[in-house]
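What follows is one structure encoded as structure tokens, with my remarks underneath.
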Amino acid sequence: MKIKSGDTVIVIAGKDKGKTGKVLKTLVKENRVIVQGVNIQTKHKKAKSPKDEAGLIKIEGSIDVSNVMYFDTKVNKPSRIGYALEGDKKVRISKKSGSKIDK
């Protein structure tokens with residue numbers, strides 16, 4: 001998977017098309033990502049103790065990684081991700097600007 005946690009992505013398909021957000025978590029086996037502020041779902045929470053509050057909570061659901069694209073902040077446009085060798089280390093690069101993504 002070319003998208004990693006902490007990347008800024010833009011949604012390119014689905015009900016939240018056009019929204020940008022930070023990747024909170026990647027689910028590699030399911031090929032899905034959880035993006036901040038995207039695919040908000042309402043869950044019913046039950047009170048487990050008298051001190052605990054019950055009610056509706058809103059959380060981000062996962063979306064398929066094919067529906068998001070890396071957002072290059074240097075050019076403010078979505079970009080594909082490629083790989084380049086830097087010495088003996090493989091690093092991710094933005095195809096749009098050619099800059100290195102990994103720190």
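Following the order of the structure tokens, chains are lettered A, B, ..., residues in each are numbered from 1, and ligands are numbered from 1.
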Q.
Please list as a ChimeraX atom specification every residue within 12 Å of Lys15 (chain A), counting only C-alpha atoms and excluding residues in the same chain fewer than 6 positions away.
A. /A:38-40,63,67
Q: Might you pull out every residue within 9 Å of Lys17 (chain A), with only C-alpha atoms counted and same-chain residues fewer than 6 positions away left off, and present them as a ChimeraX atom specification?
A: /A:10-11,67-68
Q | Among listed residues A:Lys46, A:Lys100, A:Lys4, A:Lys95, nearest Leu24 (chain A) (using only C-alpha atoms) | A |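 Of the candidates, the smallest distance to Leu24 (chain A) is held by A:Lys4.
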**Q.** Nearest-residue call for Ile93 (chain A), choices A:Ser49, A:Gln36, A:Ser5, A:Ser79, using only C-alpha atoms
**A.**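 Checking each candidate against Ile93 (chain A), we get A:Ser79 as the closest.
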Q) Could you write out, as a count of residues only, all the residues of chain A that DSSP marks as strand (DSSP E or B)? A) 52
Q.
Would you pick out the contacts of Thr42 (chain A) at 12 Å or less, using only C-alpha atoms, so that residues sharing its chain but fewer than 3 positions from it are not included, and give the list as a VMD selection string?
A. chain A and resid 39 45 55 to 61
Just the selected residues (C-alpha atoms), exported as a PDB file, in the first residue's frame, please.
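To be explicit, this is the file written out as again08.pdb:
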ATOM      1  CA  ASN A  39     -17.100   8.853   6.083  1.00  0.00           C
ATOM      2  CA  LYS A  45     -23.172   3.911  22.711  1.00  0.00           C
ATOM      3  CA  GLY A  55     -25.847   8.411  23.470  1.00  0.00           C
ATOM      4  CA  LEU A  56     -24.903   8.874  19.874  1.00  0.00           C
ATOM      5  CA  ILE A  57     -21.254   9.258  18.914  1.00  0.00           C
ATOM      6  CA  LYS A  58     -19.833  10.138  15.523  1.00  0.00           C
ATOM      7  CA  ILE A  59     -16.719   8.296  14.330  1.00  0.00           C
ATOM      8  CA  GLU A  60     -14.834   7.970  11.061  1.00  0.00           C
ATOM      9  CA  GLY A  61     -15.415   4.792   9.095  1.00  0.00           C
TER      10      GLY A  61
END
Q: Have a look at CA of Lys29 (chain A) and CA of Phe71 (chain A) and let me know their distance in Å, one decimal.
A: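 These two atoms are separated by 23.1 Å.
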Q) What's the 12 Å shell around Asp102 (chain A), counting only C-alpha atoms, without same-chain residues fewer than 6 positions away, as number ranges by chain? A) A: 2-7, 81-84, 86, 89-94
**Q.** Nearest-residue call for Gly98 (chain A), choices A:Asp16, A:Asp72, A:Asp52, A:Asp64, using only C-alpha atoms
**A.**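 Looking only at the distances to Gly98 (chain A), the closest residue turns out to be A:Asp72.
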**Q.** Selected residue, from A:Ser99, A:Lys19, A:Ser62, A:Gly14, that lies nearest to Val75 (chain A) when counting only C-alpha atoms
**A.** A:Ser99
